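Comments concern the structure below.
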Amino acid sequence: MPRSFSALVRGIALLPVAVVSFASPALQTGDQEALAASSPVDFVVENLDGSQFVYVVFHALDRDGFCSPPEGAVSLHPVLDIPVDFVIEAGDGVIIETSDGSAGFGRSATGVKTFSTAVNAASASPVRAFAPLVTGLTDECQAWIKVSQSIPGPLRVLVTVPSDDGAGELTFLADLERPATIDVTLNFRWSLVTWHGADTTAPASALLGAGGTSDITGKVTALYGWDAATQTWRAYFPAGAGVPGANDLTALRAGAAYWVAIAGPGPVTWSIAETP
């Protein structure tokens, strides 16, 4: 019987080479099927000063729902301390950190041991841990690498773990795809633009640009949208974001038109992540 893995997928293209089962008794049948079809690898992306940092996270959980079983519990397939190999197959980037503190500089990190998130949280010096694959679980095994990309872009990572019998391997290929973007030019003072991003995006998030890489919040003074249902204008003012009742435009709708005012003097480029 194969070790049981699954993942929390955050809207990223994941291509599992091996499909493995997940049969935790705590889940409903539909949940089990959805998790079994997913990959145990996901990405957490952070942007800082124009650079991108990507955490490539491997999630593992045994069939009893434990990582490090509590006293008295029976674990059918322990997944604590198994070695995980990470290899960057495509895309710019270098591994600068691993969850177990092993030397990870370069394009690969081998033998990164999985750790218990519950034990880690209770330790005096916990390492970073990420949300579990199933909401509400208090323990999960994880292993991760941190990749530095000076230029944000696609990233493809091969992740390999040993099989339960120790005679083989399970391999997963995960792709972090960059969304297609649309660059909109905002001229002083007003520009009428169509929102091509995700439906119901909060204005504050929208002004950060695609992936948070082109923040124009400080250059926009106002954003107006027409509410056909109430026959009124709704507005968002970045300077009044923290003022209760100052803004009544709470979401941008896909395909809708909006008036955007900038402080000037020159044009501003607004990079929007286009939805399919």
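The chains in the structure tokens are called A, B, ... from first to last as shown; in each chain the residues are counted from 1, and the ligands are counted from 1 in the order shown.
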List every residue of segment 98-245 of chain A that DSSP, applied to the backbone, labels as helix (DSSP H, G or I), and write the result as a PyMOL selection string.
-> chain A and resi 117-121+203-206+210-212+217-219+238-240
- Task: Return the single residue from A:Phe115, A:Trp195, A:Phe237, A:Phe105 that is closest to Leu80 of chain A, with distances computed using only C-alpha atoms.
- Result: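 Of A:Phe115, A:Trp195, A:Phe237, A:Phe105, the one nearest Leu80 of chain A, counting only C-alpha atoms, is A:Phe115.
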Please report, as a PyMOL selection string, each residue of segment 132-219 of chain A to which DSSP assigns strand (DSSP E) when run on this structure's backbone. chain A and resi 141-149+155-162+169-176+181-186+190-194
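The environment of segment 127-141 of chain A within 7 Å, counting only C-alpha atoms and disregarding residues fewer than 2 places along the same chain, consists of Ser6, Ala7, Leu8, His59, Ala60, Leu61, Phe66, Cys67, Val79, Leu80, Ser99, Thr114, Phe115, Ser116, Thr117, Ala118, Asn120 and Ser125 of chain A.
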